[in-house]
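*Asks:* Supplied in structure tokens, the structure appears directly below.
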Amino acid sequence: MEQLKHECGVAMIRLLKPLEYYQRKYGTWMYGLNKLYLMMEKQHNRGQEGAGMACVKLKTEPGNEYMFREKAEGANAITEIFGSVQNGFKDVAKDKLADAFYAAENLPFAGELYMGHLRYSTTGKSGLKYVHPFLRRNNWKAKNLCLCGNFNMTNIDEIFNKITAQGQCPRIFSDSYIMLEWMGHRLDREVERNFQIAKEQGLEGTDITDYIDSHVKMSNVLKTTMPDFDGGYVVCGLTGSGELFSMRDPWGIRPAFYYKNDEIVAIASERPVLQTTFDLQCSDIAELKPGEAIMVRQNGECILEQVLQPKGNYACSFERIYFSRGSDRDIYQERRKLGELLLNPILKAVDYDVEHTVFSFIPNTAEVAYYGMLGGFKKFLNEQKIKAIEELNHIPTREELELILNQYVRSEKVAWKDIKLRTFITEGNSRNDLASHVYDITYESLQPGVDNLVIIDDSIVRGTTLRESIIKILDRLHPRKIVIVSSSPQIRYPDYYGIDMARLEEFIAFRACIELIKESGQHRLIEDTYRNCLEEMKKDKNDMRCCVKDIYKPFSVEQLNNKMVEMLRPSEVTTPIELVFQSIEGLHEAIPHHQGDWYFTGNYPTPGGAKLANQAFINYVEKCYQYEQKF
């Protein structure tokens with residue numbers, strides 16, 4: 001119901017043949033450029049704040065540009081950057097534009113290495129200068145570095161202090177720029193290492209340059225850079241000399257998939273992107289392992305190398321629940337299973353009265369879980385029908401069979417997303433009134449006062465849309481009871497690995513817990529947790545525990561659910577409302593291979609996650625209680 005800003009999306013293509021090969025086989029030397037466009041559009045769900053692309057051209061002569069970049073902001077950024085590239089060809093004669101040799105020598109973006117990025121801000125920083133990819137220039141080809149990624153680092157302050165202690169002076173304090181400078185520094189050292197070897201071999205002039213360009217090992221750069229970073233990441237890069245690389249974090253938090261044949265190497269954040277773009281089967285595509293990097297050398301040699309040792313299986317479960325495209329084979333089945341596993345708590349919520357219950361979903365990411373939920377209820381009803389027939393103890397009449405078999409699961413398209421609220425309206429009451437009309441309903445889709453209404457969504461985070469719009473509009477149908485179902489568990493803890501969920505007070509589950517603490521007279525629990533967080537912050541981060549877990553211990557899931565209902569219920573709504581959440585056990589049963597569940601459990605995979613969660617609680621207490629002087 002509430003839009004979350006997604007992790008970013010990455011796309012890379014390395015052409016392994018000369019441009020004229022693609023001109024002959026596919027009718028255009030722009031094969032790589034066109035495929036990059038498709039890969040980025042197919043990942044538009046991962047970033048609508050900005051987009052950028054970069055290209056490296058091999059075998060250029062001095063005095064000619066060999067690295068190209070375009071960036072733009074806004075939801076139409078992909079169209080804008082590729083339109084800009086095509087605009088650069090508008091004055092080229094058709095015969096020359098179809099000439100791969102001419103393009104390779106004269107046209108921008110007619111290269112062999114391509115990289116694309118889609119951005120969603122997770123730090124609140126906006127503007128074109130924060131749009132990937134980032135470029136570090138140098139007169140030595142091999143020292144030029146272009147970088148992008150799907151990442152958020154928890155310890156950027158530590159890295160900043162480390163590189164400034166070495167004498168560097170970064171222009172901007174952000175994880176992207178700090179990573180660019182730190183990796184660029186290590187790339188410089190790798191180039192200089194090869195320079196010394198070339199000199200020792202007696203090489204001179206351009207022979208030294210050629211030696212460096214063909215002997216740079218990006219694995220050395222990654223091995224001396226990435227151990228310092230704490231966070232979830234897929235880092236992608238190009239060098240001016242023609243090296244391409246992509247590396248996944250050792251916890252496996254962020255996803256990356258790749259495909260290679262004798263024509264291309266392609267990398268993307270999601271598997272269906274590669275399947276659709278290149279017409280592939282699931283089995284054709286591999287996933288980067290935690291801590292693994294894929295590198296394509298200047299000569300086209302493709303290498304897989306374990307740069308960092310894996311630190312466990314903490315692949316993000318929220319990728320599967322919400323962020324990634326549901327067209328992935330495995331994600332589709334996992335989301336169906338999430339819905340199916342909610343059968344028993346929903347049955348309890350409607351008092352087992354399936355006959356007088358209508359099922360629906362809030363568009364659109366919960367649709368697959370909705371199908372799974374319906375599948376679970378169909379199985380339940382079939383078992384009930386079999387039991388009813390067996391209990392007849394005689395050959396049933398046609399009428400008896402019809403009465404039993406005509407029972408069915410009632411599903412309707414109840415909610416429609418009607419408009420997008422325009423931000424030019426700023427006055428509070430007007431804005432809230434318009435927000436309440438973002439969704440519309442299908443009138444008379446259930447029997448007023450008789451039918452229960454069960455609505456499933458993928459997650460309930462802040463509860464704002466529920467309170468301001470969803471509950472009000474559903475109440476117009478006058479159901480006997482509204483049951484709002486989340487296919488994910490209660491979101492209780494912040495994320496620091498690439499999603500805009502960094503403040504505890506944003507979560508309706510956290511706010512409900514604080515209210516329960518106050519109502520039960522356990523204010524000391526807030527104070528104790530605050531003090532414990534302060535003590536933890538004095539420790540080495542590797543020894544810290546997430547103290548925020550402590551505030552939830554006195555309360556059951558049901559108690560939190562009931563308090564959330566109180567907080568979310570609009571004053572004018574009197575219809576009974578119940579919340580149903582997926583259990584942690586159900587989450588892991590449905591998504592067994594993606595164990596990253598810190599949003600729900602507070603079990604952060606990296607030391608920096610627990611540290612920042614403790615800091616978030618400290619920030620909350622100091623902000624909310626400073627005027628009350630409670631502590």
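Each chain in the structure tokens gets a letter, A, B, ..., in the order shown, and its residues are numbered from 1; ligands are numbered from 1 in order too.
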Using DSSP on the backbone coordinates, identify the residues of region 71-294 of chain A assigned to strand (DSSP E or B); present them as number ranges by chain.
*Replies:* A: 71-73, 113-119, 134-136, 145-153, 231-239, 244-248, 257-260, 264-268, 286-287, 292-294
*Asks:* Any idea what's packed within 6 Å of region 599-612 of chain A, counting only C-alpha atoms, ignoring anything in its chain fewer than 5 positions away? Could you give it as an MDAnalysis selection string?
*Replies:* chainID A and resid 154 490:493 541:542 546
*Asks:* Restricted to N, CA and C atoms, what would the selected residues look like written as an mmCIF file, in the first residue's frame?
*Replies:*
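Output saved as again-v9.cif:
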data_model
loop_
_atom_site.group_PDB
_atom_site.id
_atom_site.type_symbol
_atom_site.label_atom_id
_atom_site.label_comp_id
_atom_site.auth_asym_id
_atom_site.auth_seq_id
_atom_site.Cartn_x
_atom_site.Cartn_y
_atom_site.Cartn_z
ATOM 1 N N THR A 154 27.347 0.943 5.738
ATOM 2 C CA THR A 154 27.050 1.361 7.106
ATOM 3 C C THR A 154 28.230 2.053 7.783
ATOM 4 N N GLN A 490 5.698 -8.405 10.671
ATOM 5 C CA GLN A 490 5.755 -7.009 11.126
ATOM 6 C C GLN A 490 7.151 -6.434 10.889
ATOM 7 N N ILE A 491 7.211 -5.282 10.260
ATOM 8 C CA ILE A 491 8.487 -4.600 10.050
ATOM 9 C C ILE A 491 8.775 -3.762 11.286
ATOM 10 N N ARG A 492 9.788 -4.170 12.024
ATOM 11 C CA ARG A 492 10.076 -3.561 13.327
ATOM 12 C C ARG A 492 11.390 -2.780 13.359
ATOM 13 N N TYR A 493 12.307 -3.081 12.426
ATOM 14 C CA TYR A 493 13.663 -2.554 12.539
ATOM 15 C C TYR A 493 14.078 -1.845 11.249
ATOM 16 N N LYS A 541 32.387 -2.402 17.190
ATOM 17 C CA LYS A 541 31.108 -2.731 16.553
ATOM 18 C C LYS A 541 30.933 -4.235 16.342
ATOM 19 N N ASN A 542 32.022 -4.981 16.274
ATOM 20 C CA ASN A 542 31.929 -6.426 16.107
ATOM 21 C C ASN A 542 31.374 -7.108 17.352
ATOM 22 N N CYS A 546 22.078 -5.817 19.035
ATOM 23 C CA CYS A 546 20.976 -4.901 18.741
ATOM 24 C C CYS A 546 20.044 -4.837 19.955
#
*Asks:* Would you list the contacts of region 352-369 of chain A as a PyMOL selection string, taking every protein, DNA or RNA residue within 9 Å and counting only C-alpha atoms, but skipping same-chain residues closer than 4 positions in sequence?
*Replies:* chain A and resi 1+321-323+325-326+332-340+346-348+373-374+377+381+407-417+445-447+450-459+470+485-487
*Asks:* Which residues of region 114-214 of chain A have any atom within 10 Å of an atom in region 11-25 of chain A when counting only C-alpha atoms, and what is the closest pair of atoms for each, with the distance in Å to one decimal? Order the rows by chain and rising number and write it as CSV.
*Replies:*
residue,atom,partner,partner_atom,distance
A:Tyr114,CA,A:Ile13,CA,5.1
A:Met115,CA,A:Met12,CA,4.4
A:Gly116,CA,A:Ala11,CA,4.9
A:His117,CA,A:Ala11,CA,6.4
A:Leu118,CA,A:Ala11,CA,8.7
A:Cys148,CA,A:Ala11,CA,9.7
A:Gly149,CA,A:Ala11,CA,9.4
*Asks:* How would the residues just chosen look if you wrote them out with N, CA and C atoms as a PDB file, in the first residue's frame?
*Replies:*
ATOM      1  N   TYR A 114      29.628  -1.471 -21.770  1.00  0.00           N
ATOM      2  CA  TYR A 114      28.496  -0.616 -21.413  1.00  0.00           C
ATOM      3  C   TYR A 114      28.082  -0.888 -19.972  1.00  0.00           C
ATOM      4  N   MET A 115      27.665   0.185 -19.311  1.00  0.00           N
ATOM      5  CA  MET A 115      27.203   0.068 -17.928  1.00  0.00           C
ATOM      6  C   MET A 115      26.028   1.017 -17.713  1.00  0.00           C
ATOM      7  N   GLY A 116      24.975   0.535 -17.059  1.00  0.00           N
ATOM      8  CA  GLY A 116      23.808   1.365 -16.782  1.00  0.00           C
ATOM      9  C   GLY A 116      23.404   1.268 -15.324  1.00  0.00           C
ATOM     10  N   HIS A 117      22.742   2.321 -14.849  1.00  0.00           N
ATOM     11  CA  HIS A 117      22.339   2.370 -13.449  1.00  0.00           C
ATOM     12  C   HIS A 117      21.006   3.086 -13.308  1.00  0.00           C
ATOM     13  N   LEU A 118      20.161   2.551 -12.430  1.00  0.00           N
ATOM     14  CA  LEU A 118      18.892   3.193 -12.069  1.00  0.00           C
ATOM     15  C   LEU A 118      18.931   3.503 -10.591  1.00  0.00           C
ATOM     16  N   CYS A 148      29.487   2.353 -10.548  1.00  0.00           N
ATOM     17  CA  CYS A 148      28.087   2.457 -10.129  1.00  0.00           C
ATOM     18  C   CYS A 148      27.779   1.247  -9.264  1.00  0.00           C
ATOM     19  N   GLY A 149      26.598   1.232  -8.662  1.00  0.00           N
ATOM     20  CA  GLY A 149      26.272   0.070  -7.851  1.00  0.00           C
ATOM     21  C   GLY A 149      24.924   0.153  -7.191  1.00  0.00           C
TER      22      GLY A 149
END
*Asks:* Taking 5 positions as the minimum chain separation for residues in the same chain, which residues sit within 12 Å of Asn76 (chain A) when counting only C-alpha atoms? Answer as a count of residues only.
*Replies:* 15
*Asks:* Can you work out which one of A:Leu516, A:Leu58, A:Leu534, A:Ile285 has the shortest atom-to-atom distance to Val621 (chain A), counting only C-alpha atoms?
*Replies:* A:Leu534
*Asks:* With a distance cut-off of 8 Å and only C-alpha atoms, select the neighbouring residues of Met564 (chain A), excluding the residue or stretch itself and same-chain residues fewer than 4 positions from it, and output the selection as a ChimeraX atom specification.
*Replies:* /A:508-509,512,560,568
*Asks:* Got a sec: who's within 12 Å of Glu515 (chain A), counting only C-alpha atoms, leaving out chain neighbours fewer than 2 positions off, as an mmCIF file with C-alpha atoms, in the first residue's frame?
*Replies:*
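Output saved as out_1.cif:
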data_model
loop_
_atom_site.group_PDB
_atom_site.id
_atom_site.type_symbol
_atom_site.label_atom_id
_atom_site.label_comp_id
_atom_site.auth_asym_id
_atom_site.auth_seq_id
_atom_site.Cartn_x
_atom_site.Cartn_y
_atom_site.Cartn_z
ATOM 1 C CA GLU A 505 9.654 6.125 14.323
ATOM 2 C CA ILE A 508 3.800 1.578 12.758
ATOM 3 C CA ALA A 509 4.919 -1.580 14.618
ATOM 4 C CA PHE A 510 7.538 0.399 16.560
ATOM 5 C CA ARG A 511 5.113 3.211 17.369
ATOM 6 C CA ALA A 512 2.557 0.664 18.557
ATOM 7 C CA CYS A 513 5.168 -0.937 20.804
ATOM 8 C CA ILE A 517 5.022 0.396 26.886
ATOM 9 C CA LYS A 518 3.541 3.691 28.012
ATOM 10 C CA GLU A 519 0.078 2.247 28.655
ATOM 11 C CA SER A 520 1.468 -0.626 30.710
ATOM 12 C CA GLY A 521 3.592 1.697 32.822
ATOM 13 C CA GLN A 522 6.890 0.218 31.610
ATOM 14 C CA HIS A 523 8.608 3.531 30.858
ATOM 15 C CA ILE A 526 12.615 2.703 27.190
ATOM 16 C CA ILE A 551 11.454 -3.275 23.708
ATOM 17 C CA TYR A 552 9.372 -5.885 21.868
ATOM 18 C CA PHE A 555 4.391 -8.025 23.945
ATOM 19 C CA GLN A 559 -0.997 -7.237 21.217
ATOM 20 C CA LEU A 560 0.972 -5.225 18.693
ATOM 21 C CA ASN A 562 -4.458 -4.706 18.205
ATOM 22 C CA LYS A 563 -2.590 -1.539 19.096
ATOM 23 C CA MET A 564 -1.824 -0.880 15.437
ATOM 24 C CA GLU A 566 -6.298 1.421 17.272
ATOM 25 C CA MET A 567 -3.704 3.777 15.851
#
*Asks:* Pick from A:Gln43, A:Ser488, A:Gln275, A:Asn619: nearest to Tyr530 (chain A), with only C-alpha atoms counted?
*Replies:* A:Asn619
*Asks:* Between A:Val461, A:Gly449, A:Gln384, A:Gly88, which has the minimum distance to Asn406 (chain A) (counting only C-alpha atoms)?
*Replies:*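 Of A:Val461, A:Gly449, A:Gln384, A:Gly88, the one nearest Asn406 (chain A) is A:Gln384, counting only C-alpha atoms.
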*Asks:* What parts of region 403-542 of chain A does DSSP call helix (DSSP H, G or I)? I'd like the answer as a PyMOL selection string.
*Replies:* chain A and resi 403-405+428-435+464-475+504-506+508-519+523-536+541-542
*Asks:* Any idea what's packed within 10 Å of Leu274 (chain A), counting only C-alpha atoms, ignoring anything in its chain fewer than 6 positions away? Could you give it as an NGL selection string?
*Replies:* :A and (11 or 35 or 38-39 or 42 or 257-259 or 266-268 or 280-282 or 284-285)
